[in-house]
Structures are given as structure tokens and as C-alpha cells.
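K.L.:
Following this message is one structure expressed as C-alpha cells.
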Amino acid sequence: MAEQRTSIHGQWSSRLMFIMAATGSAVGLGNIWKFPYITGENGGGAFVLVYLACIALVGIPIMMSEVLIGRRGRQSPINTMRTLAYEESRHGFWQIVGWGGVVAGFLIISYYSVIAGWALAYVFRAASGMFIGVTGDSAGSMFSHLVADPERLLAWHTIFMVMTTVVVARGVHSGLEKAVQYLMPMLFLLLLVLVGYAMTTGSFEQGLRFLFEPDFSAITAGGVLLAMGQAFFTLSLGMGAIMMYGSYLPKEASIAKTSIIIAGLDTLVALLAGMAIFPIVFANGLEAGEGPGLIFQTLPIAFGQMKGGVLFATLFFVLLVVAAWTSGISLLEPAVAWLVENRGWQRVRGATVVGVVGWALGIITIMSFSGWAFSFEFAGKTKSNGLFDMLDILTASIMLPLGGLAMAVFAGYFMSRESTVDELGMGDRFSYKLWRFVARYITPVAVILVFLHAIGVV
Ligand code: TRP
């Protein structure tokens with residue numbers, strides 16, 4: 001029965017399209033903006049090590065679970081969870097996983113789009129030569145002027161939200177997916193250029209040390225939770241985005257191989273971003289723990305000094321926006337697909353409504369950098385952008401891990417062995433047993449331990 005099901009929203013033309021689209025979802029601001037800044041705030045090496053362990057032990061098995069659930073259900077996450085729970089004779093309550101994902105998607109897109117708006121603003125700053133001769137100080141004030149101006153932020157946020165909504169309205173096979181084939185490799189090349197520049201700063205070694213030399217005294221229990229949350233966030237896990245994309249995946253494609261490829265590419269991009277940014281930080285006497293403005297206060301210095309900097313800088317921020325764009329669409333897709341399935345709405349109407357809600361919520365983040373700013377303590381660090389930081393912690397460190405945990409438990413314990421063997425398509429071999437063991441025992445225990453550790457129980 002499950003074999004026959006197809007998605008009413010379409011299907012990827014090949015496994016490669018799925019890899020491109022899922023990598024497009026995974027690689028985004030999380031890799032280039034967020035990874036460096038939270039690594040900087042949490043002391044570097046030890047944080048990176050925990051993050052890498054979470055990608056391998058928690059991220060990849062959950063990605064496999066999420067894709068397999070999605071492909072078996074072939075609907076929006078809410079309906080997929082409901083259908084599979086029914087087929088496996090489980091309680092309909094499991095659809096809460098889908099609902100939680102929709103809520104998380106709204107919350108995440110609301111701040112994601114504001115940050116993508118910063119990147120848009122920087123495209124124009126780069127192109128107009130504003131980075132030439134910029135120093136640590138002037139880059140800092142350029143950034144603080146931008147975020148202190150809510151009207152400007154609202155304008156960029158609106159533009160990004162419209163871009164995202166338009167693509168979602170057009171459906172999975174829009175032109176953007178094809179464009180990604182060329183643009184993502186270009187982003188990768190530009191990161192290599194930046195790493196090349198970082199090598200000339202004289203602080204490359206110090207940057208690498210910071211990233212890769214673990215100093216466990218620098219990381220707190222809250223920091224471990226942040227690292228795990230980052231693994232979920234950067235791989236787009238735990239809210240149904242990958243489940244949705246899995247629902248468009250052809251039956252023949254190997255879920256294990258594709259998940260490993262996607263996680264590998266995503267991790268590579270994040271590490272390259274770190275290798276580009278920290279040498280610049282140290283060479284210019286800046287603070288690694290600068291916060292959300294980190295890349296916006298460091299990269300302009302590098303571009304301002306290198307040959308062809310105006311061109312490279314413009315290209316870089318354009319590609320960053322594209323990377324954010326392909327991630328943003330996956331945040332809206334589960335909610336839109338549900339409206340189409342259950343309300344019979346046209347995609348255009350669904351996307352518009354969802355886009356407007358995400359846009360309105362974005363005001364919270366915009367104001368967190370000016371009028372509504374306040375500070376609080378978390379993980380031993382002062383967070384100074386009040387509601388934005390809270391939204392970030394609530395989604396990345398709480399909702400996504402809980403969603404992912406539920407998916408691993410559902411696939412590992414509540415789906416029959418036959419169903420998962422069939423869907424993963426690797427027979428009952430060692431690789432299957434390994435996945436099932438990890439999904440049943442390692443992943444849930446790791447997630448729960450990290451939570452308990454963060455609240456001080458263990
Ligand atoms: N992974 C994306 C990034 O790193 C963000 C993202 C897209 C996301 N879809 C998601 C995060 C779903 C969590 C859940 O920029």
C-alpha cells in the first residue's frame with residue numbers, strides 16, 4: 001500500500017535533484033552566519049568537537065529517519081505522521097510532530113528572513129565599494145548602524161520574505177532548484193577564496209587552533225545544548241522540512257547515502273566558513289564572541305583589502321542570499337503543503353498566507369536589535385538581543401531536538417521493522433542494523449542526556 005503512494009505536490013526528477021534541494025535547505029545562514037558566531041561565543045574547539053559528534057551520532061540518523069518517514073507518507077508532515085501512525089496502528093497523537101514543525105517553521109523563518117535581509121543590505125554595500133579600506137572599527141559601526149535602523153531592516157526583511165514566498169508559491173520544480181546547481185558550487189569556491197585570504201593574514205594558525213584545539217574548560221552545559229541545537233539547525237532537521245523534501249524523493253534512491261552526502265557537504269561549508277572568519281578576527285584584534293554581527297564585522301575587512309574585493313564581496317553576499325533563500329523556502333513548505341492538502345487551497349494562496357504570518361512575526365526580531373532590546377544570561381553568556389535570542393534558543397535548542405527525537409523514536413520503535421527495512425531499501429544488512437541501533441538507543445539517549453545536562457540534572 002505504502003509503495004503505491006505518490007505526492008500530490010510532485011516528485012524530484014532524480015536523486016541528484018533531491019540532494020541539491022536538501023543541500024540547498026541545509027546550507028544557509030546556519031553555516032556561514034550562525035556557526036562562526038556561536039562557535040566564537042562558546043570558546044571554539046570543544047564546541048566544534050561536540051557539534052561534529054552531534055552531526056554524526058544524532059544528525060545523520062535523524063536525517064535518515066526524517067527522510068524515510070517523509071517518503072513513506074508522501075504528504076505534508078502533519079498528514080504523513082497521521083497516516084503512518086494509522087498504518088502502524090499507533091495513536092493519532094503522533095501528528096503533533098507535524099504541528100510542532102509548522103510552528104517551529106514560522107518562528108524560524110521570522111528571524112531567518114531578518115538576518116537574510118542583513119545579507120541583502122550587504123550586497124549593495126559591497127557593490128558600492130563601501131568595504132574599501134574598512135577597519136575593525138568602521139566595519140563595526142557600519143553594522144551597528146544597520147541593525148539600529150528598524151525601518152531599513154523591515155524593508156530588507158520584506159524583500160526577502162517576498163522572494164521566498166514567490167518561490168514557494170510556484171512549487172517544488174521552480175527555476176530556483178536549477179539555479180542552485182550552479183550557484184552552490186560558486187559559493188563553495190568563494191569560501192575557498194576567503195580561506196586563501198585568511199592564510200595571508202598571519203593569523204591563520206591561530207584561527208585553526210581556535211577552531212580545532214578543544215579546550216573543554218571553555219564550554220558549559222548550555223554550550224553543549226547549543227552545539228546540539230546547531231547540528232539540528234544546520235541540517236534543517238526536526239521540523240519537517242527534510243520530511244517534506246523526502247516525500248518528493250523517488251523510491252529507488254538510497255536514503256543512507258544521500259543523508260551522508262548532505263551532512264558531509266553541510267559540515268564542510270560550515271568548517272570552511274570558520275576557517276575563513278577566525279583568522280580575520282584575530283588578525284584585526286576583534287572579538288571572537290562578537291555575537292550575531294560577527295561575519296558582517298569581519299568579512300568586509302577582508303574584502304576591503306583583497307584585489308578584486310568589490311567583485312568578490314558582491315558575489316559573496318549575493319550567494320549568501322541565495323543560500324538563505326533555498327533554506328527559507330524549506331521552512332515554509334510544510335505549512336503550505338498542509339494548507340493545499342487539507343484546505344484544498346491553491347499553492348499561491350497558501351504561500352501568501354504563510355508568508356504574511358512569517359513576515360509579521362519578523363517584527364519581533366527587527367525590534368530586538370533596537371527598541372525592544374534587553375539582555376539575559378544563558379549558558380553562562382550574556383545574550384543582549386532579548387526576544388531574538390529567545391526565539392533562537394526556543395527553536396534551535398528546544399523545538400528542533402524534541403521534534404528530531406520524536407522522529408527517531410517513531411521510526412525506531414513505532415514503525416515496524418518491515419516498514420523501515422522496506423523504506424531504507426538496504427535489506428536487513430549490517431548498515432540497516434547500525435541505523436536501527438543508533439536510532440533506537442544512541443540518538444534518543446544523547447538528546448535526552450544533553451537536555452538533562454543543560455538543566456543541571458546530570
Ligand atoms: N539549515 C538552514 C541553515 O543552516 C536553515 C533551515 C532551513 C532550517 N530549513 C530548516 C533549520 C528547517 C531548521 C529546520 O541555514
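Naming works like this for the C-alpha cells: A, B, ... for the chains as they're shown, residue 1 at the start of each chain, ligands 1 onward in shown order.
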Skip Ser419 of chain A itself and residues of its chain fewer than 2 positions away, then list as a PDB file with N, CA and C atoms, in the first residue's frame all residues within 10 Å of it, counting only C-alpha atoms.
P.N.:
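So result07.pdb came out as:
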```pdb
ATOM      1  N   ALA A   2       1.819   1.283   0.935  1.00  0.00           N
ATOM      2  CA  ALA A   2       2.686   2.460   1.003  1.00  0.00           C
ATOM      3  C   ALA A   2       3.473   2.641  -0.290  1.00  0.00           C
ATOM      4  N   LEU A  68      12.979   8.946   5.673  1.00  0.00           N
ATOM      5  CA  LEU A  68      12.222   7.706   5.444  1.00  0.00           C
ATOM      6  C   LEU A  68      10.758   7.871   5.824  1.00  0.00           C
ATOM      7  N   ILE A  69      10.502   8.611   6.894  1.00  0.00           N
ATOM      8  CA  ILE A  69       9.104   8.879   7.267  1.00  0.00           C
ATOM      9  C   ILE A  69       8.432   9.673   6.144  1.00  0.00           C
ATOM     10  N   ARG A  72       7.743   7.617   3.007  1.00  0.00           N
ATOM     11  CA  ARG A  72       6.683   6.638   3.177  1.00  0.00           C
ATOM     12  C   ARG A  72       5.312   7.310   3.219  1.00  0.00           C
ATOM     13  N   LEU A  84       0.973   7.530   8.791  1.00  0.00           N
ATOM     14  CA  LEU A  84       1.865   6.445   9.204  1.00  0.00           C
ATOM     15  C   LEU A  84       1.464   5.905  10.577  1.00  0.00           C
ATOM     16  N   GLU A  87      -1.302   3.576   9.855  1.00  0.00           N
ATOM     17  CA  GLU A  87      -0.851   2.333   9.212  1.00  0.00           C
ATOM     18  C   GLU A  87      -0.107   1.410  10.162  1.00  0.00           C
ATOM     19  N   GLU A  88       0.616   2.021  11.093  1.00  0.00           N
ATOM     20  CA  GLU A  88       1.387   1.211  12.023  1.00  0.00           C
ATOM     21  C   GLU A  88       0.557   0.913  13.280  1.00  0.00           C
ATOM     22  N   ALA A 411      10.428   6.260  14.163  1.00  0.00           N
ATOM     23  CA  ALA A 411      10.984   5.349  13.144  1.00  0.00           C
ATOM     24  C   ALA A 411      11.629   4.119  13.798  1.00  0.00           C
ATOM     25  N   MET A 415       7.503   2.280  14.181  1.00  0.00           N
ATOM     26  CA  MET A 415       7.289   1.720  12.846  1.00  0.00           C
ATOM     27  C   MET A 415       7.788   0.279  12.881  1.00  0.00           C
ATOM     28  N   SER A 416       7.102  -0.578  12.134  1.00  0.00           N
ATOM     29  CA  SER A 416       7.526  -1.968  12.167  1.00  0.00           C
ATOM     30  C   SER A 416       8.870  -2.118  11.454  1.00  0.00           C
ATOM     31  N   ARG A 417       9.570  -3.157  11.839  1.00  0.00           N
ATOM     32  CA  ARG A 417      10.840  -3.441  11.202  1.00  0.00           C
ATOM     33  C   ARG A 417      10.683  -3.579   9.682  1.00  0.00           C
ATOM     34  N   VAL A 421      12.745  -1.426   6.968  1.00  0.00           N
ATOM     35  CA  VAL A 421      13.626  -2.175   6.057  1.00  0.00           C
ATOM     36  C   VAL A 421      13.235  -1.836   4.617  1.00  0.00           C
ATOM     37  N   ASP A 422      11.939  -1.887   4.371  1.00  0.00           N
ATOM     38  CA  ASP A 422      11.438  -1.628   3.033  1.00  0.00           C
ATOM     39  C   ASP A 422      11.809  -0.213   2.571  1.00  0.00           C
ATOM     40  N   GLU A 423      11.624   0.752   3.446  1.00  0.00           N
ATOM     41  CA  GLU A 423      11.813   2.139   3.045  1.00  0.00           C
ATOM     42  C   GLU A 423      13.282   2.497   2.897  1.00  0.00           C
ATOM     43  N   LEU A 424      14.117   2.003   3.792  1.00  0.00           N
ATOM     44  CA  LEU A 424      15.542   2.326   3.684  1.00  0.00           C
ATOM     45  C   LEU A 424      16.179   1.562   2.532  1.00  0.00           C
ATOM     46  N   GLY A 425      15.537   0.464   2.124  1.00  0.00           N
ATOM     47  CA  GLY A 425      15.978  -0.252   0.927  1.00  0.00           C
ATOM     48  C   GLY A 425      17.390  -0.793   1.004  1.00  0.00           C
TER      49      GLY A 425
END
```
K.L.:
I'd like the contact shell of Met81 of chain A - 8 Å cut-off, only C-alpha atoms, skipping same-chain residues fewer than 6 positions apart - returned as a PyMOL selection string.
P.N.:
chain A and resi 69+73+92+94-95+97-98
K.L.:
Just how far from atom CA of Gln346 of chain A is atom CA of Lys251 of chain A, in Å to one decimal?
P.N.:
26.6 Å
K.L.:
How many Å separate atom CA of Gln206 of chain A from atom CA of Gly291 of chain A?
P.N.:
19.5 Å
K.L.:
How would you write, as a PyMOL selection string, the set of residues no farther than 9 Å from ligand 1 when counting only C-alpha atoms and all ligand atoms?
P.N.:
chain A and resi 22-35+101+104-105+108-109+112+230-242+266+270+323-324+326-332+395-396+400
K.L.:
So that I can check the surroundings of Val168 of chain A, please list as a list of chain:residue names every protein, DNA and RNA residue that reaches within 10 Å of it, counting only C-alpha atoms and ignoring chain neighbours fewer than 4 positions away.
P.N.:
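Close residues of Val168 of chain A: A:Val162, A:Met163, A:Thr164, A:Val172, A:His173, A:Ser174, A:Thr326, A:Gly328, A:Ile329, A:Ser330, A:Leu331, A:Leu332, A:Glu333, A:Val336, A:Ala337, A:Arg347, A:Val348, A:Gly350, A:Ala351, A:Thr352, A:Val354, A:Gly355.
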K.L.:
Please return as a PyMOL selection string: the residues of segment 255-418 of chain A that backbone DSSP assigns to strand (DSSP E).
P.N.:
chain A and resi 376-378+381-383
K.L.:
Produce a file of the selected residues containing all heavy atoms, as an mmCIF file, in the first residue's frame.
P.N.:
```cif
data_model
loop_
_atom_site.group_PDB
_atom_site.id
_atom_site.type_symbol
_atom_site.label_atom_id
_atom_site.label_comp_id
_atom_site.auth_asym_id
_atom_site.auth_seq_id
_atom_site.Cartn_x
_atom_site.Cartn_y
_atom_site.Cartn_z
ATOM 1 N N PHE A 376 19.833 38.996 28.806
ATOM 2 C CA PHE A 376 19.636 37.952 29.810
ATOM 3 C C PHE A 376 20.813 37.008 29.731
ATOM 4 O O PHE A 376 21.608 37.055 28.790
ATOM 5 C CB PHE A 376 18.295 37.234 29.613
ATOM 6 C CG PHE A 376 18.167 36.459 28.324
ATOM 7 C CD1 PHE A 376 18.440 35.099 28.289
ATOM 8 C CD2 PHE A 376 17.785 37.106 27.145
ATOM 9 C CE1 PHE A 376 18.325 34.390 27.087
ATOM 10 C CE2 PHE A 376 17.669 36.391 25.949
ATOM 11 C CZ PHE A 376 17.939 35.032 25.918
ATOM 12 N N GLU A 377 20.921 36.155 30.758
ATOM 13 C CA GLU A 377 22.031 35.211 30.813
ATOM 14 C C GLU A 377 21.584 33.868 30.269
ATOM 15 O O GLU A 377 20.517 33.372 30.611
ATOM 16 C CB GLU A 377 22.442 34.991 32.276
ATOM 17 C CG GLU A 377 23.093 36.184 32.939
ATOM 18 C CD GLU A 377 24.523 36.397 32.456
ATOM 19 O OE1 GLU A 377 25.269 35.399 32.366
ATOM 20 O OE2 GLU A 377 24.864 37.559 32.155
ATOM 21 N N PHE A 378 22.406 33.270 29.428
ATOM 22 C CA PHE A 378 22.124 31.890 29.015
ATOM 23 C C PHE A 378 23.445 31.179 28.773
ATOM 24 O O PHE A 378 24.336 31.729 28.129
ATOM 25 C CB PHE A 378 21.239 31.840 27.763
ATOM 26 C CG PHE A 378 20.866 30.433 27.368
ATOM 27 C CD1 PHE A 378 19.857 29.760 28.029
ATOM 28 C CD2 PHE A 378 21.565 29.768 26.368
ATOM 29 C CE1 PHE A 378 19.523 28.451 27.696
ATOM 30 C CE2 PHE A 378 21.241 28.450 26.029
ATOM 31 C CZ PHE A 378 20.221 27.793 26.696
ATOM 32 N N LYS A 381 26.566 32.989 29.238
ATOM 33 C CA LYS A 381 26.886 34.114 28.361
ATOM 34 C C LYS A 381 25.763 35.141 28.451
ATOM 35 O O LYS A 381 24.609 34.780 28.676
ATOM 36 C CB LYS A 381 26.999 33.653 26.903
ATOM 37 C CG LYS A 381 27.958 32.509 26.670
ATOM 38 C CD LYS A 381 29.376 33.016 26.575
ATOM 39 C CE LYS A 381 30.456 31.972 26.537
ATOM 40 N NZ LYS A 381 30.238 30.727 27.228
ATOM 41 N N THR A 382 26.134 36.400 28.269
ATOM 42 C CA THR A 382 25.110 37.427 28.224
ATOM 43 C C THR A 382 24.555 37.514 26.812
ATOM 44 O O THR A 382 25.295 37.688 25.865
ATOM 45 C CB THR A 382 25.696 38.800 28.616
ATOM 46 O OG1 THR A 382 26.340 38.631 29.869
ATOM 47 C CG2 THR A 382 24.611 39.838 28.724
ATOM 48 N N LYS A 383 23.248 37.361 26.708
ATOM 49 C CA LYS A 383 22.585 37.495 25.409
ATOM 50 C C LYS A 383 21.962 38.869 25.390
ATOM 51 O O LYS A 383 21.177 39.201 26.280
ATOM 52 C CB LYS A 383 21.504 36.422 25.284
ATOM 53 C CG LYS A 383 22.068 35.014 25.246
ATOM 54 C CD LYS A 383 22.468 34.767 23.847
ATOM 55 C CE LYS A 383 23.272 33.538 23.597
ATOM 56 N NZ LYS A 383 23.772 33.549 22.210
#
```
K.L.:
List the neighbours of segment 271-287 of chain A out to 6 Å using only C-alpha atoms; skip same-chain residues closer than 2 positions along the sequence, and give me the result as a list in words.
P.N.:
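What passes the distance filter is Ile32, Pro36, Leu194, Val195, Ala198, Ser203, Phe204, Gly207, Leu268, Val269, Gly289 and Glu290 of chain A.
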K.L.:
Measuring between only C-alpha atoms, which one of A:Leu319, A:Met142, A:Ile363, A:Ile448 shows the shortest distance to Gly293 of chain A?
P.N.:
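Using only C-alpha atoms, the shortest distance to Gly293 of chain A belongs to A:Met142.
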K.L.:
Pick out the closest residue to Gly403 of chain A from this set: A:Gly43, A:Gly100, A:Arg5, A:Val134. Count only C-alpha atoms.
P.N.:
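When distances to Gly403 of chain A are compared using only C-alpha atoms, the smallest one comes from A:Gly100.
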K.L.:
Just to confirm, what's the straight-line distance from atom CA of Thr83 of chain A to atom CA of Ile8 of chain A in Å (one decimal)?
P.N.:
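Interatomic distance, atom CA of Thr83 of chain A to atom CA of Ile8 of chain A: 14.8 Å.
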K.L.:
What's the 8 Å shell around segment 145-160 of chain A, counting only C-alpha atoms, without same-chain residues fewer than 5 positions away, as a VMD selection string?
P.N.:
chain A and resid 113 to 118 120 to 121 325 359 362 to 363 366 to 367 369 to 370
K.L.:
Determine the nearest neighbour of Leu452 of chain A from the options A:Val224, A:Ala179, A:Met130, A:Ala46, counting only C-alpha atoms.
P.N.:
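Closest residue, counting only C-alpha atoms: A:Val224.
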K.L.:
My list of candidates is A:Ala408, A:Leu16, A:Leu107, A:Leu294. Which is closest to Met390 of chain A when distances are computed with only C-alpha atoms?
P.N.:
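Looking only at the distances to Met390 of chain A, the closest residue turns out to be A:Leu107.
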K.L.:
If we count only C-alpha atoms and set the cut-off at 10 Å, which residues sit around Asn342 of chain A, ignoring sequence neighbours fewer than 4 positions away in its own chain? Please answer as number ranges by chain.
P.N.:
A: 76, 79, 337-338
K.L.:
Just to be explicit: take each residue in the selection above, keep C-alpha atoms, and write the result as a PDB file, in the first residue's frame.
P.N.:
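Final output, saved to part35.pdb:
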```
ATOM      1  CA  SER A  76       2.870  17.279   4.491  1.00  0.00           C
ATOM      2  CA  ASN A  79      -0.667  14.242   7.339  1.00  0.00           C
ATOM      3  CA  ALA A 337       1.641  21.705   1.704  1.00  0.00           C
ATOM      4  CA  TRP A 338      -0.756  21.162   4.614  1.00  0.00           C
TER       5      TRP A 338
END
```
K.L.:
Which residues, written as a PDB file with N, CA and C atoms, in the first residue's frame, have at least one atom at most 12 Å from segment 428-436 of chain A, with only C-alpha atoms counted and residues fewer than 3 positions away on the same chain left out?
P.N.:
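Heads up, here's the output in result19.pdb:
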```
ATOM      1  N   ALA A  56      27.298  13.514  13.567  1.00  0.00           N
ATOM      2  CA  ALA A  56      27.482  12.104  13.233  1.00  0.00           C
ATOM      3  C   ALA A  56      26.514  11.193  13.983  1.00  0.00           C
ATOM      4  N   LEU A  57      26.381  11.409  15.294  1.00  0.00           N
ATOM      5  CA  LEU A  57      25.619  10.450  16.110  1.00  0.00           C
ATOM      6  C   LEU A  57      24.128  10.759  16.183  1.00  0.00           C
ATOM      7  N   VAL A  58      23.803  12.025  16.010  1.00  0.00           N
ATOM      8  CA  VAL A  58      22.410  12.422  16.152  1.00  0.00           C
ATOM      9  C   VAL A  58      21.864  12.899  14.804  1.00  0.00           C
ATOM     10  N   GLY A  59      22.614  13.759  14.136  1.00  0.00           N
ATOM     11  CA  GLY A  59      22.128  14.386  12.906  1.00  0.00           C
ATOM     12  C   GLY A  59      21.862  13.387  11.795  1.00  0.00           C
ATOM     13  N   ILE A  60      22.861  12.584  11.442  1.00  0.00           N
ATOM     14  CA  ILE A  60      22.697  11.684  10.296  1.00  0.00           C
ATOM     15  C   ILE A  60      21.603  10.635  10.544  1.00  0.00           C
ATOM     16  N   PRO A  61      21.586   9.963  11.706  1.00  0.00           N
ATOM     17  CA  PRO A  61      20.486   9.007  11.928  1.00  0.00           C
ATOM     18  C   PRO A  61      19.106   9.667  11.918  1.00  0.00           C
ATOM     19  N   ILE A  62      19.007  10.894  12.447  1.00  0.00           N
ATOM     20  CA  ILE A  62      17.701  11.556  12.436  1.00  0.00           C
ATOM     21  C   ILE A  62      17.346  11.982  11.016  1.00  0.00           C
ATOM     22  N   MET A  63      18.348  12.407  10.265  1.00  0.00           N
ATOM     23  CA  MET A  63      18.037  12.762   8.880  1.00  0.00           C
ATOM     24  C   MET A  63      17.486  11.540   8.141  1.00  0.00           C
ATOM     25  N   MET A  64      18.119  10.392   8.361  1.00  0.00           N
ATOM     26  CA  MET A  64      17.618   9.171   7.712  1.00  0.00           C
ATOM     27  C   MET A  64      16.189   8.867   8.158  1.00  0.00           C
ATOM     28  N   SER A  65      15.926   9.014   9.450  1.00  0.00           N
ATOM     29  CA  SER A  65      14.577   8.746   9.952  1.00  0.00           C
ATOM     30  C   SER A  65      13.580   9.714   9.336  1.00  0.00           C
ATOM     31  N   LEU A  68      12.979   8.946   5.673  1.00  0.00           N
ATOM     32  CA  LEU A  68      12.222   7.706   5.444  1.00  0.00           C
ATOM     33  C   LEU A  68      10.758   7.871   5.824  1.00  0.00           C
ATOM     34  N   SER A 254      18.825   5.796  -2.427  1.00  0.00           N
ATOM     35  CA  SER A 254      19.271   5.316  -1.122  1.00  0.00           C
ATOM     36  C   SER A 254      19.267   6.450  -0.098  1.00  0.00           C
ATOM     37  N   ILE A 255      18.502   6.237   0.955  1.00  0.00           N
ATOM     38  CA  ILE A 255      18.363   7.281   1.970  1.00  0.00           C
ATOM     39  C   ILE A 255      19.654   7.439   2.773  1.00  0.00           C
ATOM     40  N   ALA A 256      20.328   6.334   3.061  1.00  0.00           N
ATOM     41  CA  ALA A 256      21.546   6.416   3.866  1.00  0.00           C
ATOM     42  C   ALA A 256      22.622   7.210   3.134  1.00  0.00           C
ATOM     43  N   LYS A 257      22.859   6.843   1.881  1.00  0.00           N
ATOM     44  CA  LYS A 257      23.931   7.516   1.139  1.00  0.00           C
ATOM     45  C   LYS A 257      23.641   8.996   0.979  1.00  0.00           C
ATOM     46  N   SER A 259      21.802  10.928   2.784  1.00  0.00           N
ATOM     47  CA  SER A 259      21.897  11.673   4.055  1.00  0.00           C
ATOM     48  C   SER A 259      23.350  11.963   4.403  1.00  0.00           C
ATOM     49  N   ALA A 408      13.000  10.062  15.522  1.00  0.00           N
ATOM     50  CA  ALA A 408      13.865   8.881  15.668  1.00  0.00           C
ATOM     51  C   ALA A 408      13.130   7.798  16.450  1.00  0.00           C
ATOM     52  N   VAL A 409      12.408   8.213  17.496  1.00  0.00           N
ATOM     53  CA  VAL A 409      11.679   7.236  18.307  1.00  0.00           C
ATOM     54  C   VAL A 409      10.558   6.600  17.483  1.00  0.00           C
ATOM     55  N   PHE A 410       9.880   7.428  16.699  1.00  0.00           N
ATOM     56  CA  PHE A 410       8.798   6.888  15.862  1.00  0.00           C
ATOM     57  C   PHE A 410       9.349   5.862  14.866  1.00  0.00           C
ATOM     58  N   ALA A 411      10.428   6.260  14.163  1.00  0.00           N
ATOM     59  CA  ALA A 411      10.984   5.349  13.144  1.00  0.00           C
ATOM     60  C   ALA A 411      11.629   4.119  13.798  1.00  0.00           C
ATOM     61  N   GLY A 412      12.238   4.320  14.968  1.00  0.00           N
ATOM     62  CA  GLY A 412      12.979   3.233  15.591  1.00  0.00           C
ATOM     63  C   GLY A 412      12.111   2.266  16.388  1.00  0.00           C
ATOM     64  N   TYR A 413      11.066   2.782  17.026  1.00  0.00           N
ATOM     65  CA  TYR A 413      10.252   1.933  17.900  1.00  0.00           C
ATOM     66  C   TYR A 413       8.825   1.732  17.408  1.00  0.00           C
ATOM     67  N   PHE A 414       8.241   2.743  16.781  1.00  0.00           N
ATOM     68  CA  PHE A 414       6.810   2.674  16.483  1.00  0.00           C
ATOM     69  C   PHE A 414       6.496   2.252  15.056  1.00  0.00           C
ATOM     70  N   MET A 415       7.503   2.280  14.181  1.00  0.00           N
ATOM     71  CA  MET A 415       7.289   1.720  12.846  1.00  0.00           C
ATOM     72  C   MET A 415       7.788   0.279  12.881  1.00  0.00           C
ATOM     73  N   SER A 416       7.102  -0.578  12.134  1.00  0.00           N
ATOM     74  CA  SER A 416       7.526  -1.968  12.167  1.00  0.00           C
ATOM     75  C   SER A 416       8.870  -2.118  11.454  1.00  0.00           C
ATOM     76  N   ARG A 417       9.570  -3.157  11.839  1.00  0.00           N
ATOM     77  CA  ARG A 417      10.840  -3.441  11.202  1.00  0.00           C
ATOM     78  C   ARG A 417      10.683  -3.579   9.682  1.00  0.00           C
ATOM     79  N   GLU A 418       9.598  -4.240   9.276  1.00  0.00           N
ATOM     80  CA  GLU A 418       9.355  -4.423   7.833  1.00  0.00           C
ATOM     81  C   GLU A 418       9.250  -3.081   7.123  1.00  0.00           C
ATOM     82  N   SER A 419       8.512  -2.149   7.729  1.00  0.00           N
ATOM     83  CA  SER A 419       8.329  -0.854   7.079  1.00  0.00           C
ATOM     84  C   SER A 419       9.663  -0.145   6.892  1.00  0.00           C
ATOM     85  N   THR A 420      10.487  -0.128   7.941  1.00  0.00           N
ATOM     86  CA  THR A 420      11.736   0.629   7.811  1.00  0.00           C
ATOM     87  C   THR A 420      12.736  -0.103   6.920  1.00  0.00           C
ATOM     88  N   VAL A 421      12.745  -1.426   6.968  1.00  0.00           N
ATOM     89  CA  VAL A 421      13.626  -2.175   6.057  1.00  0.00           C
ATOM     90  C   VAL A 421      13.235  -1.836   4.617  1.00  0.00           C
ATOM     91  N   ASP A 422      11.939  -1.887   4.371  1.00  0.00           N
ATOM     92  CA  ASP A 422      11.438  -1.628   3.033  1.00  0.00           C
ATOM     93  C   ASP A 422      11.809  -0.213   2.571  1.00  0.00           C
ATOM     94  N   GLU A 423      11.624   0.752   3.446  1.00  0.00           N
ATOM     95  CA  GLU A 423      11.813   2.139   3.045  1.00  0.00           C
ATOM     96  C   GLU A 423      13.282   2.497   2.897  1.00  0.00           C
ATOM     97  N   LEU A 424      14.117   2.003   3.792  1.00  0.00           N
ATOM     98  CA  LEU A 424      15.542   2.326   3.684  1.00  0.00           C
ATOM     99  C   LEU A 424      16.179   1.562   2.532  1.00  0.00           C
ATOM    100  N   GLY A 425      15.537   0.464   2.124  1.00  0.00           N
ATOM    101  CA  GLY A 425      15.978  -0.252   0.927  1.00  0.00           C
ATOM    102  C   GLY A 425      17.390  -0.793   1.004  1.00  0.00           C
ATOM    103  N   ALA A 439      19.353   4.759  15.956  1.00  0.00           N
ATOM    104  CA  ALA A 439      18.092   5.493  16.079  1.00  0.00           C
ATOM    105  C   ALA A 439      17.342   5.093  17.353  1.00  0.00           C
ATOM    106  N   ARG A 440      17.479   3.843  17.774  1.00  0.00           N
ATOM    107  CA  ARG A 440      16.755   3.394  18.962  1.00  0.00           C
ATOM    108  C   ARG A 440      17.463   3.760  20.262  1.00  0.00           C
ATOM    109  N   TYR A 441      18.776   3.588  20.272  1.00  0.00           N
ATOM    110  CA  TYR A 441      19.482   3.738  21.551  1.00  0.00           C
ATOM    111  C   TYR A 441      20.368   4.972  21.643  1.00  0.00           C
ATOM    112  N   ILE A 442      21.198   5.194  20.625  1.00  0.00           N
ATOM    113  CA  ILE A 442      22.180   6.275  20.755  1.00  0.00           C
ATOM    114  C   ILE A 442      21.528   7.666  20.666  1.00  0.00           C
ATOM    115  N   THR A 443      20.762   7.872  19.592  1.00  0.00           N
ATOM    116  CA  THR A 443      20.204   9.202  19.364  1.00  0.00           C
ATOM    117  C   THR A 443      19.290   9.674  20.506  1.00  0.00           C
ATOM    118  N   PRO A 444      18.286   8.892  20.885  1.00  0.00           N
ATOM    119  CA  PRO A 444      17.408   9.379  21.954  1.00  0.00           C
ATOM    120  C   PRO A 444      18.155   9.612  23.262  1.00  0.00           C
TER     121      PRO A 444
END
```
